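Just protein_9.json here, JSON, C-alpha atoms:
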```
[["chain", "number", "residue", "atom", "x", "y", "z"],
["A", 1, "GLY", "CA", 0.00, 0.00, 0.00],
["A", 2, "GLU", "CA", 0.86, 3.66, -0.14],
["A", 3, "ASN", "CA", 3.32, 5.04, 2.43],
["A", 4, "VAL", "CA", 3.51, 8.81, 2.93],
["A", 5, "GLU", "CA", 6.32, 10.37, 4.92],
["A", 6, "GLN", "CA", 6.18, 13.99, 6.06],
["A", 7, "HIS", "CA", 8.91, 16.31, 7.33],
["A", 8, "PRO", "CA", 9.51, 18.13, 9.54],
["A", 9, "SER", "CA", 7.27, 17.08, 12.40],
["A", 10, "THR", "CA", 7.45, 20.56, 13.94],
["A", 11, "LEU", "CA", 8.26, 23.91, 12.36],
["A", 12, "SER", "CA", 8.60, 27.29, 14.05],
["A", 13, "VAL", "CA", 8.82, 30.39, 11.87],
["A", 14, "GLN", "CA", 8.88, 34.13, 12.44],
["A", 15, "GLU", "CA", 5.79, 35.97, 11.29],
["A", 16, "GLY", "CA", 6.30, 37.09, 7.72],
["A", 17, "ASP", "CA", 8.79, 34.34, 6.87],
["A", 18, "SER", "CA", 8.05, 31.34, 4.65],
["A", 19, "ALA", "CA", 7.29, 27.79, 5.76],
["A", 20, "VAL", "CA", 7.94, 24.66, 3.72],
["A", 21, "ILE", "CA", 6.66, 21.15, 4.47],
["A", 22, "LYS", "CA", 7.83, 18.18, 2.42],
["A", 23, "CYS", "CA", 6.23, 14.80, 1.77],
["A", 24, "THR", "CA", 7.33, 11.71, -0.10],
["A", 25, "TYR", "CA", 5.15, 8.84, -1.29],
["A", 26, "SER", "CA", 5.87, 5.30, -2.33],
["A", 27, "ASP", "CA", 3.17, 4.31, -4.84],
["A", 28, "SER", "CA", 3.99, 5.59, -8.32],
["A", 29, "ALA", "CA", 0.31, 5.14, -9.25],
["A", 30, "SER", "CA", -0.74, 7.92, -6.84],
["A", 31, "ASN", "CA", -1.97, 10.95, -8.72],
["A", 32, "TYR", "CA", -3.92, 13.06, -6.23],
["A", 33, "PHE", "CA", -2.19, 14.97, -3.42],
["A", 34, "PRO", "CA", -4.27, 17.07, -1.01],
["A", 35, "TRP", "CA", -3.08, 19.13, 1.95],
["A", 36, "TYR", "CA", -5.18, 19.53, 5.07],
["A", 37, "LYS", "CA", -4.95, 22.08, 7.87],
["A", 38, "GLN", "CA", -6.10, 21.17, 11.36],
["A", 39, "GLU", "CA", -6.69, 23.97, 13.83],
["A", 40, "LEU", "CA", -6.84, 23.30, 17.54],
["A", 41, "GLY", "CA", -10.01, 21.43, 18.52],
["A", 42, "LYS", "CA", -11.23, 21.02, 14.95],
["A", 43, "GLY", "CA", -11.17, 18.44, 12.21],
["A", 44, "PRO", "CA", -8.76, 18.69, 9.26],
["A", 45, "GLN", "CA", -9.84, 20.94, 6.42],
["A", 46, "LEU", "CA", -8.67, 20.85, 2.82],
["A", 47, "ILE", "CA", -6.57, 23.90, 1.91],
["A", 48, "ILE", "CA", -5.12, 22.95, -1.46],
["A", 49, "ASP", "CA", -4.66, 19.92, -3.66],
["A", 50, "ILE", "CA", -2.75, 18.99, -6.78],
["A", 51, "ARG", "CA", -3.15, 16.33, -9.41],
["A", 52, "SER", "CA", -0.33, 14.55, -11.18],
["A", 53, "ASN", "CA", -0.77, 16.37, -14.46],
["A", 54, "VAL", "CA", 0.18, 19.64, -12.75],
["A", 55, "GLY", "CA", 3.62, 20.53, -11.37],
["A", 56, "GLU", "CA", 2.64, 23.51, -9.27],
["A", 57, "LYS", "CA", -0.51, 25.13, -7.96],
["A", 58, "LYS", "CA", -0.91, 28.39, -6.09],
["A", 59, "ASP", "CA", -3.70, 29.92, -4.05],
["A", 60, "GLN", "CA", -2.85, 33.30, -2.55],
["A", 61, "ARG", "CA", -0.13, 32.67, 0.04],
["A", 62, "ILE", "CA", -0.03, 28.90, -0.27],
["A", 63, "ALA", "CA", 1.42, 26.82, -3.06],
["A", 64, "VAL", "CA", 2.05, 23.16, -3.67],
["A", 65, "THR", "CA", 4.69, 21.64, -5.92],
["A", 66, "LEU", "CA", 4.86, 18.08, -7.20],
["A", 67, "ASN", "CA", 7.80, 16.10, -8.54],
["A", 68, "LYS", "CA", 6.45, 12.79, -9.83],
["A", 69, "THR", "CA", 9.85, 11.49, -10.86],
["A", 70, "ALA", "CA", 11.20, 11.86, -7.34],
["A", 71, "LYS", "CA", 7.81, 11.06, -5.77],
["A", 72, "HIS", "CA", 7.70, 14.05, -3.53],
["A", 73, "PHE", "CA", 5.48, 17.07, -3.08],
["A", 74, "SER", "CA", 5.74, 20.16, -0.91],
["A", 75, "LEU", "CA", 3.58, 22.84, 0.68],
["A", 76, "HIS", "CA", 4.86, 26.40, 0.70],
["A", 77, "ILE", "CA", 3.33, 29.12, 2.85],
["A", 78, "THR", "CA", 4.62, 32.62, 2.22],
["A", 79, "GLU", "CA", 4.30, 35.70, 4.45],
["A", 80, "THR", "CA", 3.20, 33.57, 7.37],
["A", 81, "GLN", "CA", 0.67, 34.98, 9.82],
["A", 82, "PRO", "CA", -0.34, 33.86, 13.33],
["A", 83, "GLU", "CA", -3.50, 32.25, 11.93],
["A", 84, "ASP", "CA", -1.30, 29.89, 9.93],
["A", 85, "SER", "CA", -0.35, 28.17, 13.20],
["A", 86, "ALA", "CA", -1.88, 24.69, 12.96],
["A", 87, "VAL", "CA", -1.13, 21.06, 12.17],
["A", 88, "TYR", "CA", -0.74, 20.36, 8.45],
["A", 89, "PHE", "CA", -1.21, 16.94, 6.85],
["A", 90, "CYS", "CA", -0.24, 15.81, 3.40],
["A", 91, "ALA", "CA", -1.98, 12.86, 1.75],
["A", 92, "ALA", "CA", -1.80, 10.78, -1.41],
["A", 93, "SER", "CA", -4.24, 8.68, -3.40],
["A", 94, "THR", "CA", -5.04, 7.36, -6.80],
["A", 95, "ALA", "CA", -8.00, 8.95, -8.55],
["A", 96, "ASN", "CA", -9.96, 5.70, -8.59],
["A", 97, "ASP", "CA", -9.19, 4.76, -5.01],
["A", 98, "TYR", "CA", -11.33, 5.55, -2.02],
["A", 99, "LYS", "CA", -8.40, 5.60, 0.33],
["A", 100, "LEU", "CA", -6.33, 8.62, 1.28],
["A", 101, "SER", "CA", -2.99, 7.81, 2.91],
["A", 102, "PHE", "CA", -1.88, 10.58, 5.28],
["A", 103, "GLY", "CA", 1.48, 11.76, 6.47],
["A", 104, "ALA", "CA", 2.17, 12.03, 10.20],
["A", 105, "GLY", "CA", 1.55, 15.78, 10.29],
["A", 106, "THR", "CA", 3.60, 18.94, 10.84],
["A", 107, "THR", "CA", 2.89, 21.31, 13.71],
["A", 108, "VAL", "CA", 3.55, 24.83, 12.47],
["A", 109, "THR", "CA", 3.99, 27.66, 14.96],
["A", 110, "VAL", "CA", 4.19, 31.23, 13.71],
["A", 111, "ARG", "CA", 5.99, 33.51, 16.20],
["A", 112, "ALA", "CA", 4.80, 37.07, 16.42],
["B", 1, "GLU", "CA", -24.67, 24.27, 5.98],
["B", 2, "ALA", "CA", -22.69, 21.29, 4.69],
["B", 3, "GLN", "CA", -21.24, 19.45, 7.64],
["B", 4, "VAL", "CA", -20.24, 16.23, 9.33],
["B", 5, "THR", "CA", -21.35, 15.89, 12.93],
["B", 6, "GLN", "CA", -20.06, 13.54, 15.59],
["B", 7, "ASN", "CA", -21.31, 12.72, 19.05],
["B", 8, "PRO", "CA", -20.16, 12.73, 21.71],
["B", 9, "ARG", "CA", -17.25, 15.17, 21.40],
["B", 10, "TYR", "CA", -15.64, 13.90, 24.59],
["B", 11, "LEU", "CA", -16.02, 10.54, 26.28],
["B", 12, "ILE", "CA", -14.33, 8.93, 29.25],
["B", 13, "THR", "CA", -15.16, 5.29, 29.80],
["B", 14, "VAL", "CA", -13.84, 2.13, 31.42],
["B", 15, "THR", "CA", -12.34, -0.96, 29.86],
["B", 16, "GLY", "CA", -14.92, -3.33, 28.45],
["B", 17, "LYS", "CA", -17.92, -1.03, 28.46],
["B", 18, "LYS", "CA", -19.45, -0.98, 24.98],
["B", 19, "LEU", "CA", -19.79, 2.42, 23.36],
["B", 20, "THR", "CA", -20.93, 3.95, 20.10],
["B", 21, "VAL", "CA", -19.74, 7.16, 18.48],
["B", 22, "THR", "CA", -22.27, 8.51, 16.01],
["B", 23, "CYS", "CA", -21.46, 10.25, 12.73],
["B", 24, "SER", "CA", -23.86, 11.96, 10.38],
["B", 25, "GLN", "CA", -23.39, 13.96, 7.16],
["B", 26, "ASN", "CA", -25.89, 16.14, 5.31],
["B", 27, "MET", "CA", -24.18, 16.25, 1.90],
["B", 28, "ASN", "CA", -25.57, 13.01, 0.45],
["B", 29, "HIS", "CA", -22.04, 11.65, 0.18],
["B", 30, "GLU", "CA", -21.57, 8.02, -0.75],
["B", 31, "TYR", "CA", -18.20, 7.57, 0.90],
["B", 32, "MET", "CA", -17.67, 7.76, 4.65],
["B", 33, "SER", "CA", -14.77, 6.70, 6.84],
["B", 34, "TRP", "CA", -13.42, 6.70, 10.36],
["B", 35, "TYR", "CA", -9.91, 7.71, 11.36],
["B", 36, "ARG", "CA", -7.99, 7.77, 14.58],
["B", 37, "GLN", "CA", -5.33, 10.39, 15.22],
["B", 38, "ASP", "CA", -2.43, 9.64, 17.52],
["B", 39, "PRO", "CA", 0.69, 11.77, 18.14],
["B", 40, "GLY", "CA", 3.41, 11.05, 15.58],
["B", 41, "LEU", "CA", 1.20, 8.68, 13.61],
["B", 42, "GLY", "CA", -1.05, 11.06, 11.75],
["B", 43, "LEU", "CA", -4.48, 9.95, 10.62],
["B", 44, "ARG", "CA", -4.99, 6.23, 10.26],
["B", 45, "GLN", "CA", -8.10, 4.82, 8.65],
["B", 46, "ILE", "CA", -10.14, 2.40, 10.77],
["B", 47, "TYR", "CA", -13.06, 1.52, 8.49],
["B", 48, "TYR", "CA", -14.68, 2.96, 5.43],
["B", 49, "SER", "CA", -17.95, 2.62, 3.58],
["B", 50, "MET", "CA", -18.52, 3.14, -0.12],
["B", 51, "ASN", "CA", -22.29, 3.13, 0.18],
["B", 52, "VAL", "CA", -25.21, 1.79, 2.21],
["B", 53, "GLU", "CA", -24.49, -1.72, 3.46],
["B", 54, "VAL", "CA", -20.98, -1.66, 1.94],
["B", 55, "THR", "CA", -18.16, -1.40, 4.47],
["B", 56, "ASP", "CA", -14.53, -2.51, 4.55],
["B", 57, "LYS", "CA", -11.52, -2.50, 6.82],
["B", 58, "GLY", "CA", -8.96, 0.25, 6.77],
["B", 59, "ASP", "CA", -5.47, 0.11, 8.21],
["B", 60, "VAL", "CA", -6.32, -0.35, 11.90],
["B", 61, "PRO", "CA", -9.72, -2.11, 12.20],
["B", 62, "GLU", "CA", -9.01, -4.36, 15.20],
["B", 63, "GLY", "CA", -11.39, -3.74, 18.09],
["B", 64, "TYR", "CA", -13.86, -1.67, 16.06],
["B", 65, "LYS", "CA", -17.10, -2.28, 14.20],
["B", 66, "VAL", "CA", -19.15, -0.09, 11.91],
["B", 67, "SER", "CA", -22.49, -0.18, 10.17],
["B", 68, "ARG", "CA", -24.03, 1.75, 7.27],
["B", 69, "LYS", "CA", -27.76, 1.27, 7.29],
["B", 70, "GLU", "CA", -28.53, 4.76, 6.03],
["B", 71, "LYS", "CA", -26.54, 6.91, 3.66],
["B", 72, "ARG", "CA", -26.15, 9.80, 6.11],
["B", 73, "ASN", "CA", -25.08, 7.81, 9.20],
["B", 74, "PHE", "CA", -21.94, 5.81, 9.91],
["B", 75, "PRO", "CA", -21.57, 4.89, 13.60],
["B", 76, "LEU", "CA", -18.35, 3.55, 15.09],
["B", 77, "ILE", "CA", -18.81, 0.80, 17.68],
["B", 78, "LEU", "CA", -16.30, -0.32, 20.28],
["B", 79, "GLU", "CA", -17.68, -3.58, 21.67],
["B", 80, "SER", "CA", -15.08, -3.91, 24.45],
["B", 81, "PRO", "CA", -12.90, -0.79, 24.62],
["B", 82, "SER", "CA", -9.33, -1.08, 25.84],
["B", 83, "PRO", "CA", -6.86, 1.61, 26.96],
["B", 84, "ASN", "CA", -4.97, 1.39, 23.63],
["B", 85, "GLN", "CA", -8.10, 2.75, 21.95],
["B", 86, "THR", "CA", -7.67, 6.03, 23.78],
["B", 87, "SER", "CA", -7.37, 8.44, 20.88],
["B", 88, "LEU", "CA", -8.91, 11.28, 18.89],
["B", 89, "TYR", "CA", -11.42, 9.97, 16.37],
["B", 90, "PHE", "CA", -12.61, 11.64, 13.19],
["B", 91, "CYS", "CA", -15.44, 10.75, 10.87],
["B", 92, "ALA", "CA", -15.18, 11.95, 7.27],
["B", 93, "SER", "CA", -17.26, 11.90, 4.13],
["B", 94, "ARG", "CA", -16.85, 12.77, 0.48],
["B", 95, "ASP", "CA", -18.39, 12.18, -2.88],
["B", 96, "ARG", "CA", -17.42, 9.17, -4.96],
["B", 97, "GLY", "CA", -13.75, 9.24, -6.01],
["B", 98, "ALA", "CA", -10.64, 10.38, -4.18],
["B", 99, "ILE", "CA", -10.35, 13.59, -6.19],
["B", 100, "TYR", "CA", -13.21, 15.15, -4.28],
["B", 101, "GLU", "CA", -12.71, 17.06, -1.06],
["B", 102, "GLN", "CA", -13.05, 15.00, 2.07],
["B", 103, "TYR", "CA", -14.99, 16.69, 4.86],
["B", 104, "PHE", "CA", -14.08, 15.87, 8.44],
["B", 105, "GLY", "CA", -16.19, 16.01, 11.55],
["B", 106, "PRO", "CA", -15.00, 17.96, 14.64],
["B", 107, "GLY", "CA", -13.55, 14.89, 16.34],
["B", 108, "THR", "CA", -14.32, 12.75, 19.40],
["B", 109, "ARG", "CA", -11.77, 12.60, 22.19],
["B", 110, "LEU", "CA", -12.04, 9.13, 23.76],
["B", 111, "THR", "CA", -10.30, 8.08, 26.96],
["B", 112, "VAL", "CA", -10.49, 4.47, 28.10],
["B", 113, "THR", "CA", -9.31, 3.81, 31.66]]
```

So that I can check it, write out the structure of this file as structure tokens.
Amino acid sequence: GENVEQHPSTLSVQEGDSAVIKCTYSDSASNYFPWYKQELGKGPQLIIDIRSNVGEKKDQRIAVTLNKTAKHFSLHITETQPEDSAVYFCAASTANDYKLSFGAGTTVTVRA
Amino acid sequence: EAQVTQNPRYLITVTGKKLTVTCSQNMNHEYMSWYRQDPGLGLRQIYYSMNVEVTDKGDVPEGYKVSRKEKRNFPLILESPSPNQTSLYFCASRDRGAIYEQYFGPGTRLTVT
């Protein structure tokens, strides 16, 4: 089955700086890669996703890049703000599969 | 408002006392699943259901049961809870196919003593 590894497990950044979270996956058939944000006391919520026919996708201050050859994808948050403090999860799946395999999560803390 | 609801949000129980965590979604989604979240392990799938009366095991199904008698409801049953089932549980739903957004409930914090 799919194995998703996520690094780092914790990340502390100064407000205004950038944050980068990296994930690798094992199944070359995976072609859907969502990122979820989990705020304290809440369930994870989708913030951005990317499909294998796209190398990069951007939505305001967040962007995701995908390297299918190396089987890794990354989340980039620019101009971080205190409200970006949360746990972030990457995940991978094939389009025809019902199962999302999640990384272990990254706790991001934005220092004011 | 589109949402997934879970009850209870917090539960403290004792070993061996059967319990049920309810999950309901109002989006007419076919696919529902249960996850447990433990520190350093991320979200691990317990069971999933592709439609009414269709359920299957996820990665960590031992000690859990589920049922899907109605499309909107997907309860998680712990017949004889043990301390190693102390965890944060999430129910989720989405439309058919992994490319659709998965919606998570607010979570149930379970402690088994």

Check: Which neighbours of Phe90 (chain B) fall inside 6 Å, counting only C-alpha atoms, when residues of the same chain fewer than 6 positions from it are skipped, and could you give them as a list in words?
Finding: Trp34, Tyr35, Gly105 and Gly107 of chain B

For chain A against chain B, with a cut-off of 8 Å and counting all atoms listed in the file, what is the closest atom pair and its distance in Å to one decimal for every residue that makes the cut, ordered by chain and number, as CSV?
```
residue,atom,partner,partner_atom,distance
A:Ser9,CA,B:Gly40,CA,7.8
A:Tyr32,CA,B:Ile99,CA,6.5
A:Gly41,CA,B:Pro106,CA,7.2
A:Lys42,CA,B:Pro106,CA,4.9
A:Gly43,CA,B:Pro106,CA,4.6
A:Pro44,CA,B:Phe104,CA,6.1
A:Gln45,CA,B:Tyr103,CA,6.9
A:Leu46,CA,B:Glu101,CA,6.8
A:Phe89,CA,B:Gly42,CA,7.7
A:Ser93,CA,B:Ala98,CA,6.7
A:Thr94,CA,B:Ala98,CA,6.9
A:Ala95,CA,B:Ala98,CA,5.3
A:Asn96,CA,B:Gly97,CA,5.8
A:Asp97,CA,B:Ala98,CA,5.9
A:Tyr98,CA,B:Ala98,CA,5.3
A:Lys99,CA,B:Ala98,CA,6.9
A:Leu100,CA,B:Ala98,CA,7.2
A:Ser101,CA,B:Arg44,CA,7.8
A:Phe102,CA,B:Leu43,CA,6.0
A:Gly103,CA,B:Gly42,CA,5.9
A:Ala104,CA,B:Gly42,CA,3.7
A:Gly105,CA,B:Gly42,CA,5.6
```

Dump as a JSON list (two decimals), in the frame of the given file, selection limited to C-alpha atoms:
```json
[["chain", "number", "residue", "atom", "x", "y", "z"],
["A", 9, "SER", "CA", 7.27, 17.08, 12.40],
["A", 32, "TYR", "CA", -3.92, 13.06, -6.23],
["A", 41, "GLY", "CA", -10.01, 21.43, 18.52],
["A", 42, "LYS", "CA", -11.23, 21.02, 14.95],
["A", 43, "GLY", "CA", -11.17, 18.44, 12.21],
["A", 44, "PRO", "CA", -8.76, 18.69, 9.26],
["A", 45, "GLN", "CA", -9.84, 20.94, 6.42],
["A", 46, "LEU", "CA", -8.67, 20.85, 2.82],
["A", 89, "PHE", "CA", -1.21, 16.94, 6.85],
["A", 93, "SER", "CA", -4.24, 8.68, -3.40],
["A", 94, "THR", "CA", -5.04, 7.36, -6.80],
["A", 95, "ALA", "CA", -8.00, 8.95, -8.55],
["A", 96, "ASN", "CA", -9.96, 5.70, -8.59],
["A", 97, "ASP", "CA", -9.19, 4.76, -5.01],
["A", 98, "TYR", "CA", -11.33, 5.55, -2.02],
["A", 99, "LYS", "CA", -8.40, 5.60, 0.33],
["A", 100, "LEU", "CA", -6.33, 8.62, 1.28],
["A", 101, "SER", "CA", -2.99, 7.81, 2.91],
["A", 102, "PHE", "CA", -1.88, 10.58, 5.28],
["A", 103, "GLY", "CA", 1.48, 11.76, 6.47],
["A", 104, "ALA", "CA", 2.17, 12.03, 10.20],
["A", 105, "GLY", "CA", 1.55, 15.78, 10.29]]
```

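Here CA of Glu53 (chain B) is placed at a distance of 23.1 Å from CA of Ala2 (chain B).
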
Checklist line | Minimum-distance residue to Val21 (chain B), chosen among B:Pro75, B:Glu62, B:Leu88, B:Thr111 (using only C-alpha atoms) | finding: B:Pro75

Note to self: Counting all atoms listed in the file, which residue out of B:His29, B:Arg68, B:Lys18, B:Arg36 sits closest to Ser87 (chain B)?
What the structure shows: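 That would be B:Arg36, the residue with the smallest distance to Ser87 (chain B).
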
Item checked: Best match for closeness to Ile47 (chain A) among A:Ala92, A:Leu75, A:Val13, A:Thr65, counting all atoms listed in the file -> A:Leu75

Next item on the list: Please indicate the distance in Å from CA of Ser85 (chain A) to CA of Cys23 (chain A), rounded to one decimal place.
Entry: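 Pair CA of Ser85 (chain A) / CA of Cys23 (chain A) returns 18.8 Å.
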
Notebook entry, point to check: Around (-19.6, 0.2, 25.7) in the file's own coordinates, what residues are found within 6 Å if you use only C-alpha atoms, given back as a VMD selection string?
Noted result: chain B and resid 17 to 19 79

Margin query: Counting all atoms listed in the file, which residue out of A:Lys22, A:Lys68, A:His76, A:His7 sits closest to Ile48 (chain A)?
Written below: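 Between A:Lys22, A:Lys68, A:His76, A:His7, the residue approaching Ile48 (chain A) most closely is A:His76.
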
Next item on the list: Go through B:Gly16, B:Asn26, B:Thr55, B:Leu11 and flag the residue nearest Ser80 (chain B), using only C-alpha atoms for the distances.
Entry: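 Closest residue, counting only C-alpha atoms: B:Gly16.
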
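Note that the spacing between CA of Val14 (chain B) and CA of Pro81 (chain B) amounts to 7.5 Å.
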
Next item on the list: For each of A:Asn53, A:Ser30, A:Thr109, A:Gln6, take the minimum atom-to-atom distance to Thr80 (chain A), counting only C-alpha atoms, then give the residue where this is smallest.
Entry: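 Selected residue with least distance to Thr80 (chain A): A:Thr109.
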
Find the residues near Asn51 (chain B): any atom within 7 Å, counting all atoms listed in the file, skip ones fewer than 3 places away on the same chain, and give them as a PDB file with C-alpha atoms, keeping the file's coordinate frame.
```
ATOM      1  CA  GLU B  30     -21.570   8.020  -0.750  1.00  0.00           C
ATOM      2  CA  TYR B  31     -18.200   7.570   0.900  1.00  0.00           C
ATOM      3  CA  VAL B  54     -20.980  -1.660   1.940  1.00  0.00           C
ATOM      4  CA  LYS B  71     -26.540   6.910   3.660  1.00  0.00           C
TER       5      LYS B  71
END
```

Next item on the list: Counting only C-alpha atoms, note down every residue that has an atom within 10 Å of the point (-10.6, 6.6, 31.0) (file coordinates), as a PyMOL selection string.
Entry: chain B and resi 11-15+82-83+86+110-113

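Omitting Lys65 (chain B) and its sequence neighbours fewer than 4 positions away, and counting only C-alpha atoms, the residues within 9 Å are Tyr47, Pro61, Pro75, Leu76, Ile77, Leu78 and Glu79 of chain B.
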
Margin query: Which residues are close to region 15-20 of chain A, i.e. within 8 Å by all atoms listed in the file, leaving aside same-chain residues fewer than 3 positions away? Reply as a VMD selection string.
Written below: chain A and resid 11 74 to 82 110 to 112

Note to self: Could you list, as a VMD selection string, every residue within 8 Å of Asp27 (chain A), counting only C-alpha atoms and ignoring same-chain residues fewer than 3 positions away?
What the structure shows: chain A and resid 1 to 3 30

Centre and edge lengths of an axis-aligned box around all listed atoms of region 14-32 of chain A, with 6 Å added on each side, are to be given in Å to one decimal, as lines of an AutoDock Vina configuration file.
```
center_x = 2.5
center_y = 20.7
center_z = 1.6
size_x = 24.8
size_y = 44.8
size_z = 33.7
```
